[in-house]
file model-v4.json (JSON, C-alpha atoms)
[["chain", "number", "residue", "atom", "x", "y", "z"],
["U", 1, "MET", "CA", 119.08, 101.42, 145.89],
["U", 2, "ALA", "CA", 115.38, 100.67, 146.28],
["U", 3, "LEU", "CA", 114.67, 103.31, 143.68],
["U", 4, "VAL", "CA", 117.18, 101.78, 141.27],
["U", 5, "GLY", "CA", 115.69, 98.34, 141.91],
["U", 6, "ALA", "CA", 112.22, 99.64, 141.20],
["U", 7, "MET", "CA", 113.37, 101.21, 137.95],
["U", 8, "VAL", "CA", 115.02, 97.98, 136.84],
["U", 9, "ALA", "CA", 111.88, 96.04, 137.67],
["U", 10, "LEU", "CA", 109.74, 98.11, 135.31],
["U", 11, "PRO", "CA", 108.86, 96.10, 132.17],
["U", 12, "LEU", "CA", 110.45, 97.28, 128.94],
["U", 13, "LYS", "CA", 107.95, 98.61, 126.43],
["U", 14, "ALA", "CA", 107.73, 96.26, 123.47],
["U", 15, "ASN", "CA", 107.65, 97.65, 119.94],
["U", 16, "ALA", "CA", 104.45, 96.65, 118.17],
["U", 17, "ASP", "CA", 104.91, 94.92, 114.84],
["U", 18, "GLN", "CA", 103.59, 96.88, 111.85],
["U", 19, "PHE", "CA", 102.00, 94.40, 109.48],
["U", 20, "ILE", "CA", 102.04, 95.47, 105.83],
["U", 21, "ASN", "CA", 100.07, 93.08, 103.65],
["U", 22, "ILE", "CA", 100.74, 93.88, 99.98],
["U", 23, "LEU", "CA", 97.88, 92.78, 97.70],
["U", 24, "THR", "CA", 99.08, 91.93, 94.20],
["U", 25, "GLY", "CA", 97.72, 89.59, 91.48],
["U", 26, "GLY", "CA", 98.59, 86.30, 89.85],
["U", 27, "THR", "CA", 102.21, 85.18, 89.95],
["U", 28, "GLY", "CA", 102.48, 85.35, 86.14],
["U", 29, "GLY", "CA", 101.68, 89.07, 86.03],
["U", 30, "VAL", "CA", 103.59, 92.23, 86.95],
["U", 31, "TYR", "CA", 101.89, 93.11, 90.25],
["U", 32, "TYR", "CA", 103.33, 90.07, 92.02],
["U", 33, "PRO", "CA", 107.09, 90.56, 91.34],
["U", 34, "LEU", "CA", 106.75, 94.27, 92.12],
["U", 35, "GLY", "CA", 104.94, 93.39, 95.36],
["U", 36, "VAL", "CA", 107.77, 91.04, 96.34],
["U", 37, "ALA", "CA", 110.29, 93.83, 95.66],
["U", 38, "MET", "CA", 108.22, 96.24, 97.78],
["U", 39, "SER", "CA", 108.10, 93.77, 100.65],
["U", 40, "LYS", "CA", 111.91, 93.62, 100.70],
["U", 41, "ILE", "CA", 112.15, 97.42, 100.62],
["U", 42, "TYR", "CA", 109.70, 97.84, 103.50],
["U", 43, "ALA", "CA", 111.31, 95.06, 105.57],
["U", 44, "GLU", "CA", 114.63, 96.89, 105.30],
["U", 45, "LYS", "CA", 113.47, 100.49, 105.71],
["U", 46, "ILE", "CA", 110.39, 100.49, 107.99],
["U", 47, "LYS", "CA", 111.30, 99.65, 111.56],
["U", 48, "ASP", "CA", 109.45, 96.72, 113.15],
["U", 49, "SER", "CA", 107.52, 96.10, 109.93],
["U", 50, "LYS", "CA", 106.30, 92.65, 108.90],
["U", 51, "PRO", "CA", 105.60, 92.83, 105.16],
["U", 52, "THR", "CA", 103.75, 89.99, 103.42],
["U", 53, "VAL", "CA", 102.80, 89.52, 99.77],
["U", 54, "GLN", "CA", 99.40, 88.10, 98.88],
["U", 55, "SER", "CA", 98.65, 86.72, 95.40],
["U", 56, "THR", "CA", 95.04, 87.59, 94.51],
["U", 57, "LYS", "CA", 92.66, 87.90, 91.56],
["U", 58, "ALA", "CA", 94.00, 91.46, 91.32],
["U", 59, "SER", "CA", 92.15, 94.79, 91.06],
["U", 60, "VAL", "CA", 88.55, 94.14, 92.12],
["U", 61, "GLU", "CA", 89.44, 91.68, 94.89],
["U", 62, "ASN", "CA", 92.26, 93.92, 96.10],
["U", 63, "LEU", "CA", 90.01, 96.95, 96.44],
["U", 64, "ASN", "CA", 87.36, 95.03, 98.35],
["U", 65, "LEU", "CA", 90.04, 93.64, 100.68],
["U", 66, "ILE", "CA", 91.44, 97.13, 101.37],
["U", 67, "GLN", "CA", 87.91, 98.35, 102.22],
["U", 68, "GLN", "CA", 87.55, 95.40, 104.61],
["U", 69, "GLY", "CA", 90.84, 96.19, 106.36],
["U", 70, "LYS", "CA", 92.51, 93.02, 105.04],
["U", 71, "GLY", "CA", 95.46, 94.72, 103.40],
["U", 72, "GLU", "CA", 97.61, 97.81, 103.81],
["U", 73, "ILE", "CA", 98.58, 98.57, 100.21],
["U", 74, "ALA", "CA", 97.30, 97.17, 96.92],
["U", 75, "PHE", "CA", 97.77, 97.27, 93.17],
["U", 76, "THR", "CA", 94.81, 98.15, 90.96],
["U", 77, "LEU", "CA", 93.82, 99.32, 87.52],
["U", 78, "GLY", "CA", 92.51, 102.86, 87.27],
["U", 79, "ASP", "CA", 89.15, 101.92, 85.75],
["U", 80, "SER", "CA", 88.50, 99.42, 88.55],
["U", 81, "LEU", "CA", 89.48, 102.06, 91.11],
["U", 82, "ALA", "CA", 87.02, 104.56, 89.63],
["U", 83, "ASP", "CA", 84.27, 101.91, 89.64],
["U", 84, "ALA", "CA", 85.01, 101.07, 93.29],
["U", 85, "TRP", "CA", 84.71, 104.72, 94.31],
["U", 86, "LYS", "CA", 81.33, 104.92, 92.55],
["U", 87, "GLY", "CA", 80.15, 101.56, 93.95],
["U", 88, "ASN", "CA", 79.54, 99.97, 90.56],
["U", 89, "ALA", "CA", 77.74, 96.73, 91.46],
["U", 90, "GLU", "CA", 77.98, 95.34, 87.92],
["U", 91, "VAL", "CA", 81.75, 94.94, 88.20],
["U", 92, "GLY", "CA", 81.86, 93.62, 91.76],
["U", 93, "PHE", "CA", 81.44, 96.57, 94.17],
["U", 94, "LYS", "CA", 78.24, 96.25, 96.21],
["U", 95, "SER", "CA", 78.58, 99.79, 97.54],
["U", 96, "LYS", "CA", 80.93, 102.78, 97.37],
["U", 97, "LEU", "CA", 84.34, 101.79, 98.80],
["U", 98, "ASP", "CA", 84.77, 104.99, 100.79],
["U", 99, "LYS", "CA", 87.93, 103.97, 102.68],
["U", 100, "LEU", "CA", 90.09, 103.82, 99.56],
["U", 101, "ARG", "CA", 92.90, 106.34, 99.28],
["U", 102, "THR", "CA", 95.48, 106.71, 96.51],
["U", 103, "VAL", "CA", 99.19, 106.25, 97.21],
["U", 104, "ALA", "CA", 100.58, 106.60, 93.68],
["U", 105, "ALA", "CA", 99.89, 106.35, 89.98],
["U", 106, "ILE", "CA", 102.53, 103.87, 88.84],
["U", 107, "TYR", "CA", 102.80, 102.42, 85.31],
["U", 108, "PRO", "CA", 100.29, 101.80, 82.50],
["U", 109, "ASN", "CA", 98.80, 98.36, 81.97],
["U", 110, "TYR", "CA", 99.02, 97.36, 78.34],
["U", 111, "ILE", "CA", 96.02, 95.34, 77.19],
["U", 112, "GLN", "CA", 97.71, 92.66, 75.14],
["U", 113, "ILE", "CA", 96.06, 89.92, 73.08],
["U", 114, "ALA", "CA", 98.30, 86.98, 72.20],
["U", 115, "ALA", "CA", 97.05, 84.34, 69.77],
["U", 116, "LEU", "CA", 98.49, 81.11, 68.44],
["U", 117, "LYS", "CA", 99.82, 81.76, 64.95],
["U", 118, "ASP", "CA", 98.13, 78.65, 63.57],
["U", 119, "SER", "CA", 94.74, 79.81, 64.94],
["U", 120, "GLY", "CA", 94.47, 82.26, 62.05],
["U", 121, "ILE", "CA", 93.70, 85.15, 64.41],
["U", 122, "LYS", "CA", 95.20, 88.38, 63.05],
["U", 123, "THR", "CA", 92.55, 90.96, 63.97],
["U", 124, "LEU", "CA", 89.94, 91.49, 66.70],
["U", 125, "ALA", "CA", 87.24, 90.36, 64.24],
["U", 126, "ASP", "CA", 89.09, 87.05, 63.83],
["U", 127, "LEU", "CA", 88.32, 86.25, 67.50],
["U", 128, "LYS", "CA", 84.74, 85.41, 66.52],
["U", 129, "GLY", "CA", 84.11, 81.72, 67.11],
["U", 130, "LYS", "CA", 87.51, 81.27, 68.78],
["U", 131, "ARG", "CA", 88.50, 80.16, 72.30],
["U", 132, "LEU", "CA", 89.67, 83.13, 74.42],
["U", 133, "SER", "CA", 90.81, 83.46, 78.03],
["U", 134, "VAL", "CA", 89.88, 86.79, 79.59],
["U", 135, "GLY", "CA", 91.43, 86.58, 83.08],
["U", 136, "ALA", "CA", 89.85, 85.81, 86.44],
["U", 137, "PRO", "CA", 86.11, 86.65, 86.71],
["U", 138, "LYS", "CA", 85.53, 90.37, 87.38],
["U", 139, "SER", "CA", 89.27, 91.01, 87.61],
["U", 140, "GLY", "CA", 90.64, 94.22, 86.10],
["U", 141, "THR", "CA", 91.78, 92.17, 83.12],
["U", 142, "GLU", "CA", 88.33, 90.71, 82.56],
["U", 143, "LEU", "CA", 86.73, 94.15, 82.73],
["U", 144, "ASN", "CA", 89.28, 95.31, 80.14],
["U", 145, "ALA", "CA", 88.34, 92.35, 77.93],
["U", 146, "ARG", "CA", 84.67, 93.32, 78.01],
["U", 147, "ALA", "CA", 85.53, 96.92, 77.12],
["U", 148, "ILE", "CA", 87.82, 96.00, 74.20],
["U", 149, "LEU", "CA", 85.31, 93.57, 72.69],
["U", 150, "ASP", "CA", 82.52, 96.13, 73.11],
["U", 151, "GLY", "CA", 84.65, 98.77, 71.37],
["U", 152, "ALA", "CA", 85.07, 96.33, 68.48],
["U", 153, "GLY", "CA", 81.31, 95.74, 68.29],
["U", 154, "MET", "CA", 81.54, 92.27, 69.88],
["U", 155, "SER", "CA", 80.69, 90.46, 73.10],
["U", 156, "TYR", "CA", 81.41, 87.12, 74.73],
["U", 157, "LYS", "CA", 78.47, 85.69, 72.75],
["U", 158, "ASP", "CA", 80.53, 86.09, 69.57],
["U", 159, "LEU", "CA", 83.30, 83.86, 70.90],
["U", 160, "GLY", "CA", 83.45, 80.10, 70.54],
["U", 161, "LYS", "CA", 84.43, 79.65, 74.20],
["U", 162, "VAL", "CA", 85.34, 81.97, 77.07],
["U", 163, "GLU", "CA", 87.73, 80.87, 79.84],
["U", 164, "TYR", "CA", 88.23, 82.89, 83.04],
["U", 165, "LEU", "CA", 91.79, 81.94, 83.92],
["U", 166, "PRO", "CA", 94.92, 83.49, 85.42],
["U", 167, "PHE", "CA", 97.72, 84.34, 82.99],
["U", 168, "ASN", "CA", 99.90, 81.28, 83.51],
["U", 169, "GLU", "CA", 97.02, 78.82, 83.23],
["U", 170, "SER", "CA", 95.86, 80.49, 80.02],
["U", 171, "VAL", "CA", 99.31, 80.12, 78.51],
["U", 172, "GLU", "CA", 99.55, 76.44, 79.44],
["U", 173, "LEU", "CA", 96.21, 75.73, 77.74],
["U", 174, "MET", "CA", 97.40, 77.58, 74.64],
["U", 175, "LYS", "CA", 100.58, 75.50, 74.52],
["U", 176, "ASN", "CA", 98.36, 72.40, 74.60],
["U", 177, "ARG", "CA", 96.13, 73.84, 71.83],
["U", 178, "GLN", "CA", 93.14, 74.02, 74.17],
["U", 179, "LEU", "CA", 92.82, 77.78, 73.73],
["U", 180, "ASP", "CA", 93.35, 80.01, 70.69],
["U", 181, "ALA", "CA", 94.14, 83.31, 72.41],
["U", 182, "THR", "CA", 94.43, 85.12, 75.71],
["U", 183, "LEU", "CA", 93.86, 88.75, 76.68],
["U", 184, "ILE", "CA", 96.28, 89.91, 79.34],
["U", 185, "SER", "CA", 96.27, 93.31, 81.01],
["U", 186, "ALA", "CA", 99.73, 93.90, 82.47],
["U", 187, "GLY", "CA", 102.97, 95.82, 82.07],
["U", 188, "LEU", "CA", 104.99, 95.42, 78.90],
["U", 189, "GLY", "CA", 107.13, 92.30, 78.77],
["U", 190, "VAL", "CA", 104.82, 90.31, 81.05],
["U", 191, "SER", "CA", 106.37, 86.91, 81.73],
["U", 192, "ALA", "CA", 103.29, 84.88, 80.70],
["U", 193, "ILE", "CA", 103.35, 86.17, 77.10],
["U", 194, "ARG", "CA", 107.15, 85.95, 76.92],
["U", 195, "ASP", "CA", 106.88, 82.31, 77.97],
["U", 196, "LEU", "CA", 104.14, 81.62, 75.43],
["U", 197, "CYS", "CA", 105.93, 83.19, 72.46],
["U", 198, "ALA", "CA", 109.21, 81.50, 73.39],
["U", 199, "SER", "CA", 107.44, 78.11, 73.39],
["U", 200, "VAL", "CA", 105.10, 78.28, 70.38],
["U", 201, "GLU", "CA", 104.61, 80.62, 67.41],
["U", 202, "CYS", "CA", 102.29, 83.41, 68.51],
["U", 203, "VAL", "CA", 101.08, 86.76, 67.26],
["U", 204, "ILE", "CA", 100.22, 89.94, 69.16],
["U", 205, "VAL", "CA", 96.81, 91.04, 67.89],
["U", 206, "GLU", "CA", 96.33, 94.74, 67.11],
["U", 207, "ILE", "CA", 93.81, 96.82, 69.04],
["U", 208, "PRO", "CA", 93.25, 99.69, 66.56],
["U", 209, "LYS", "CA", 93.28, 103.29, 67.75],
["U", 210, "ALA", "CA", 89.71, 103.72, 66.46],
["U", 211, "VAL", "CA", 88.52, 100.98, 68.84],
["U", 212, "VAL", "CA", 90.36, 102.58, 71.79],
["U", 213, "ASP", "CA", 88.96, 106.02, 70.96],
["U", 214, "LYS", "CA", 85.44, 104.56, 70.85],
["U", 215, "ILE", "CA", 85.85, 103.15, 74.40],
["U", 216, "GLY", "CA", 87.20, 106.48, 75.67],
["U", 217, "THR", "CA", 88.60, 107.46, 79.08],
["U", 218, "PRO", "CA", 90.47, 105.97, 80.93],
["U", 219, "TYR", "CA", 91.69, 103.93, 77.95],
["U", 220, "GLN", "CA", 94.45, 105.34, 75.76],
["U", 221, "SER", "CA", 96.03, 104.17, 72.52],
["U", 222, "VAL", "CA", 99.62, 102.95, 72.85],
["U", 223, "THR", "CA", 102.19, 100.96, 70.90],
["U", 224, "ILE", "CA", 103.76, 97.63, 71.86],
["U", 225, "PRO", "CA", 107.29, 97.99, 70.43],
["U", 226, "GLY", "CA", 108.54, 95.30, 68.07],
["U", 227, "GLY", "CA", 110.81, 92.85, 69.82],
["U", 228, "THR", "CA", 108.95, 92.99, 73.13],
["U", 229, "TYR", "CA", 107.99, 89.33, 72.63],
["U", 230, "PRO", "CA", 109.81, 86.55, 70.74],
["U", 231, "GLY", "CA", 108.82, 86.26, 67.09],
["U", 232, "ASN", "CA", 106.99, 89.61, 67.04],
["U", 233, "ASP", "CA", 109.33, 92.15, 65.49],
["U", 234, "LYS", "CA", 106.85, 94.82, 64.34],
["U", 235, "ASP", "CA", 105.21, 97.55, 66.40],
["U", 236, "VAL", "CA", 101.58, 96.79, 67.26],
["U", 237, "ASN", "CA", 98.83, 99.21, 68.34],
["U", 238, "ALA", "CA", 97.23, 98.37, 71.69],
["U", 239, "ALA", "CA", 95.30, 99.94, 74.56],
["U", 240, "ALA", "CA", 96.49, 100.94, 78.03],
["U", 241, "VAL", "CA", 95.02, 101.87, 81.41],
["U", 242, "GLN", "CA", 96.94, 103.46, 84.28],
["U", 243, "ASN", "CA", 97.79, 101.38, 87.36],
["U", 244, "TYR", "CA", 97.67, 102.68, 90.93],
["U", 245, "LEU", "CA", 98.81, 101.76, 94.40],
["U", 246, "VAL", "CA", 96.06, 102.31, 96.96],
["U", 247, "THR", "CA", 95.69, 102.11, 100.71],
["U", 248, "SER", "CA", 93.05, 102.68, 103.37],
["U", 249, "SER", "CA", 92.05, 105.88, 105.15],
["U", 250, "ALA", "CA", 92.52, 103.87, 108.38],
["U", 251, "LEU", "CA", 96.32, 103.83, 107.99],
["U", 252, "SER", "CA", 98.29, 106.54, 109.77],
["U", 253, "ASP", "CA", 99.72, 109.49, 107.87],
["U", 254, "ASP", "CA", 103.21, 108.60, 109.13],
["U", 255, "LEU", "CA", 103.07, 105.02, 107.83],
["U", 256, "VAL", "CA", 101.72, 105.96, 104.40],
["U", 257, "TYR", "CA", 104.26, 108.79, 104.12],
["U", 258, "GLN", "CA", 107.05, 106.31, 104.86],
["U", 259, "MET", "CA", 105.71, 103.70, 102.43],
["U", 260, "THR", "CA", 105.45, 106.31, 99.67],
["U", 261, "LYS", "CA", 108.91, 107.75, 100.35],
["U", 262, "ASP", "CA", 110.56, 104.32, 100.46],
["U", 263, "LEU", "CA", 108.88, 103.38, 97.18],
["U", 264, "PHE", "CA", 110.36, 106.34, 95.31],
["U", 265, "ASP", "CA", 113.71, 106.19, 97.10],
["U", 266, "SER", "CA", 114.03, 102.57, 95.92],
["U", 267, "LEU", "CA", 112.87, 102.77, 92.30],
["U", 268, "PRO", "CA", 116.00, 100.95, 91.01],
["U", 269, "SER", "CA", 115.01, 97.91, 93.09],
["U", 270, "LEU", "CA", 111.51, 97.94, 91.60],
["U", 271, "GLN", "CA", 112.91, 98.34, 88.09],
["U", 272, "ALA", "CA", 115.20, 95.37, 88.68],
["U", 273, "ALA", "CA", 112.12, 93.31, 89.63],
["U", 274, "HIS", "CA", 110.26, 94.23, 86.43],
["U", 275, "ALA", "CA", 110.90, 96.62, 83.54],
["U", 276, "ALA", "CA", 107.36, 98.03, 83.83],
["U", 277, "ALA", "CA", 108.54, 99.99, 86.89],
["U", 278, "LYS", "CA", 110.66, 102.18, 84.59],
["U", 279, "ASP", "CA", 107.43, 104.04, 83.83],
["U", 280, "ILE", "CA", 106.90, 105.08, 87.48],
["U", 281, "LYS", "CA", 107.47, 108.86, 87.60],
["U", 282, "ILE", "CA", 107.19, 110.97, 90.75],
["U", 283, "ASP", "CA", 106.00, 114.03, 88.82],
["U", 284, "ALA", "CA", 102.83, 112.21, 87.73],
["U", 285, "ALA", "CA", 102.31, 109.90, 90.72],
["U", 286, "GLY", "CA", 100.04, 112.14, 92.78],
["U", 287, "LYS", "CA", 98.15, 114.04, 90.10],
["U", 288, "ASN", "CA", 94.45, 113.60, 89.22],
["U", 289, "PRO", "CA", 93.84, 110.26, 91.00],
["U", 290, "PRO", "CA", 90.42, 108.55, 90.66],
["U", 291, "VAL", "CA", 90.08, 108.63, 94.48],
["U", 292, "PRO", "CA", 91.58, 111.11, 96.96],
["U", 293, "LEU", "CA", 95.25, 110.94, 97.87],
["U", 294, "HIS", "CA", 96.04, 109.67, 101.35],
["U", 295, "PRO", "CA", 97.32, 112.64, 103.41],
["U", 296, "GLY", "CA", 100.56, 110.76, 104.09],
["U", 297, "ALA", "CA", 101.23, 110.37, 100.36],
["U", 298, "ALA", "CA", 100.19, 113.97, 99.69],
["U", 299, "LYS", "CA", 102.71, 115.19, 102.28],
["U", 300, "PHE", "CA", 105.52, 113.36, 100.46],
["U", 301, "TYR", "CA", 104.59, 114.77, 97.02],
["U", 302, "LYS", "CA", 104.33, 118.31, 98.43],
["U", 303, "GLU", "CA", 107.79, 117.99, 99.92],
["U", 304, "LYS", "CA", 109.12, 116.96, 96.52],
["U", 305, "GLY", "CA", 107.25, 119.71, 94.67],
["U", 306, "ALA", "CA", 105.30, 117.05, 92.75],
["U", 307, "LEU", "CA", 101.76, 118.24, 93.53]]
call {"tool": "encode", "arguments": {"input": "model-v4.json", "output": "structure tokens"}}
result
Amino acid sequence: MALVGAMVALPLKANADQFINILTGGTGGVYYPLGVAMSKIYAEKIKDSKPTVQSTKASVENLNLIQQGKGEIAFTLGDSLADAWKGNAEVGFKSKLDKLRTVAAIYPNYIQIAALKDSGIKTLADLKGKRLSVGAPKSGTELNARAILDGAGMSYKDLGKVEYLPFNESVELMKNRQLDATLISAGLGVSAIRDLCASVECVIVEIPKAVVDKIGTPYQSVTIPGGTYPGNDKDVNAAAVQNYLVTSSALSDDLVYQMTKDLFDSLPSLQAAHAAAKDIKIDAAGKNPPVPLHPGAAKFYKEKGAL
């Protein structure tokens, strides 16, 4: 009996909570709704997990936070990820972010320029002297804006005014005629541009293939299909950059394996959150990443024959 009593008296081992902070972007973009969908997936499938979703200034901030151990998984643009691995100080990385590890290539970000129809902006050259929002300072979107203007032989000096604003704030200023155009780097059908074009007459400005080719890798020429946004029924040439999910080398192989597996097992839930997730393909997710794959993610892709 004494033995039984002693056994009963032993404290039960508590399960430690696994915090999973998902670093996204502004609420008007694509990262945020996909991050919310991921948090629900992880809460359901990863035992004792405590997922949270953090709205951020996106790519550059997310990568610095992962390096600092302030997030478990983050969204980023591929060009920002490559710059972080090199430690490109000009775009916001004071040194090489050596703890970054790739989880998956996900969908391409379309670099989309929406202008008020009555602004007279029809081409990139028409942006000269106009008021343009380019996203949060040193965000992936803002770095894309610099690259596109440079490819067109322009810079911020050629613009009438430059605003560094999140997507939703840019759209509100355009509705009030305080801005002429906004450059948004996001998945197709991004809510901010849908909202804008449903509220006022707007045009999607072409980014010609010649401009994209001049910029070079990792930019690629793509087409925004007609009908993607209200009032814009014709196909328009644009540029795109691949998006990635990244994590830290500090996370265990088991946790990253589970996060990767649950992501691909639950693609319909992600696609329901935003149509951009329809471009997430397991066959391409682990190939040729800008930074090394996390071993946990690599294990999953090897099991699926996708490496």
call {"tool": "residues_around", "arguments": {"input": "model-v4.json", "residues": "U:Ile73", "least_positions_apart": "4", "cutoff": "7 Å", "atoms": "all atoms listed in the file", "output": "PyMOL selection string"}}
result
chain U and resi 21-23+245-247
call {"tool": "atom_distance", "arguments": {"input": "model-v4.json", "atom1": "atom CA of U:Ile215", "atom2": "atom CA of U:Lys122"}}
result
20.8 Å
call {"tool": "closest_atom_pairs", "arguments": {"input": "model-v4.json", "of": "stretch 214-269 of chain U", "to": "stretch 186-190 of chain U", "cutoff": "12 Å", "atoms": "all atoms listed in the file", "output": "Markdown table"}}
result
| residue | atom | partner | partner_atom | distance |
| --- | --- | --- | --- | --- |
| U:Val222 | CA | U:Leu188 | CA | 11.1 |
| U:Thr223 | CA | U:Leu188 | CA | 10.1 |
| U:Ile224 | CA | U:Leu188 | CA | 7.5 |
| U:Pro225 | CA | U:Leu188 | CA | 9.1 |
| U:Gly226 | CA | U:Gly189 | CA | 11.2 |
| U:Gly227 | CA | U:Gly189 | CA | 9.7 |
| U:Thr228 | CA | U:Gly189 | CA | 6.0 |
| U:Tyr229 | CA | U:Gly189 | CA | 6.9 |
| U:Pro230 | CA | U:Gly189 | CA | 10.2 |
| U:Ala238 | CA | U:Leu188 | CA | 11.0 |
| U:Ala239 | CA | U:Ala186 | CA | 10.9 |
| U:Ala240 | CA | U:Ala186 | CA | 8.9 |
| U:Val241 | CA | U:Ala186 | CA | 9.3 |
| U:Gln242 | CA | U:Gly187 | CA | 10.0 |
| U:Asn243 | CA | U:Ala186 | CA | 9.1 |
call {"tool": "residues_near_point", "arguments": {"input": "model-v4.json", "point": "(102.5, 103.6, 90.7)", "cutoff": "6 Å", "atoms": "only C-alpha atoms", "output": "short mmCIF file (atom, residue, chain, number, x, y, z; two decimals) with C-alpha atoms, keeping the file's coordinate frame"}}
result
data_model
loop_
_atom_site.label_atom_id
_atom_site.label_comp_id
_atom_site.auth_asym_id
_atom_site.auth_seq_id
_atom_site.Cartn_x
_atom_site.Cartn_y
_atom_site.Cartn_z
CA ALA U 104 100.58 106.60 93.68
CA ALA U 105 99.89 106.35 89.98
CA ILE U 106 102.53 103.87 88.84
CA TYR U 107 102.80 102.42 85.31
CA TYR U 244 97.67 102.68 90.93
CA LEU U 245 98.81 101.76 94.40
CA ILE U 280 106.90 105.08 87.48
#
call {"tool": "atom_distance", "arguments": {"input": "model-v4.json", "atom1": "atom CA of U:Ala297", "atom2": "atom CA of U:Lys99"}}
result
14.9 Å
call {"tool": "residues_around", "arguments": {"input": "model-v4.json", "residues": "stretch 130-144 of chain U", "least_positions_apart": "3", "cutoff": "7 Å", "atoms": "all atoms listed in the file", "output": "MDAnalysis selection string"}}
result
chainID U and resid 57:60 77 80 91:92 127 147:148 159:167 170 179:185
call {"tool": "residues_around", "arguments": {"input": "model-v4.json", "residues": "U:Leu63", "least_positions_apart": "2", "cutoff": "8 Å", "atoms": "all atoms listed in the file", "output": "list in words"}}
result
Ser59, Val60, Glu61, Leu65, Ile66, Gln67, Ala74, Thr76, Leu81, Ala84, Leu97 and Leu100 of chain U
call {"tool": "closest_residue", "arguments": {"input": "model-v4.json", "among": "U:Ser49, U:Val211, U:Ala43, U:Leu196", "to": "U:Ala125", "atoms": "all atoms listed in the file"}}
result
U:Val211
call {"tool": "residues_around", "arguments": {"input": "model-v4.json", "residues": "U:Met259", "least_positions_apart": "5", "cutoff": "10 Å", "atoms": "all atoms listed in the file", "output": "list in words"}}
result
Ile20, Met38, Ile41, Tyr42, Lys45, Ile46, Ile73, Val103, Asp253, Asp254, Phe264, Asp265, Gly296, Ala297 and Phe300 of chain U
call {"tool": "closest_residue", "arguments": {"input": "model-v4.json", "among": "U:Asn176, U:Ser191, U:Asn88, U:Ser249", "to": "U:Ala276", "atoms": "all atoms listed in the file"}}
result
U:Ser191
call {"tool": "atom_distance", "arguments": {"input": "model-v4.json", "atom1": "atom CA of U:Pro290", "atom2": "atom CA of U:Gly35"}}
result
21.5 Å
call {"tool": "closest_residue", "arguments": {"input": "model-v4.json", "among": "U:Ser269, U:Tyr156, U:Gln18, U:Gly120", "to": "U:Pro51", "atoms": "all atoms listed in the file"}}
result
U:Gln18
call {"tool": "residues_around", "arguments": {"input": "model-v4.json", "residues": "U:Asn168", "least_positions_apart": "4", "cutoff": "8 Å", "atoms": "all atoms listed in the file", "output": "CSV table (one decimal) with C-alpha atoms, in the coordinates of the input"}}
result
chain,number,residue,atom,x,y,z
U,27,THR,CA,102.2,85.2,90.0
U,28,GLY,CA,102.5,85.4,86.1
U,172,GLU,CA,99.6,76.4,79.4
U,192,ALA,CA,103.3,84.9,80.7
call {"tool": "axis_aligned_box", "arguments": {"input": "model-v4.json", "around": "stretch 29-32 of chain U", "padding_each_side": "4 Å", "output": "lines of an AutoDock Vina configuration file"}}
result
center_x = 102.6
center_y = 91.1
center_z = 89.0
size_x = 9.9
size_y = 12.0
size_z = 14.0
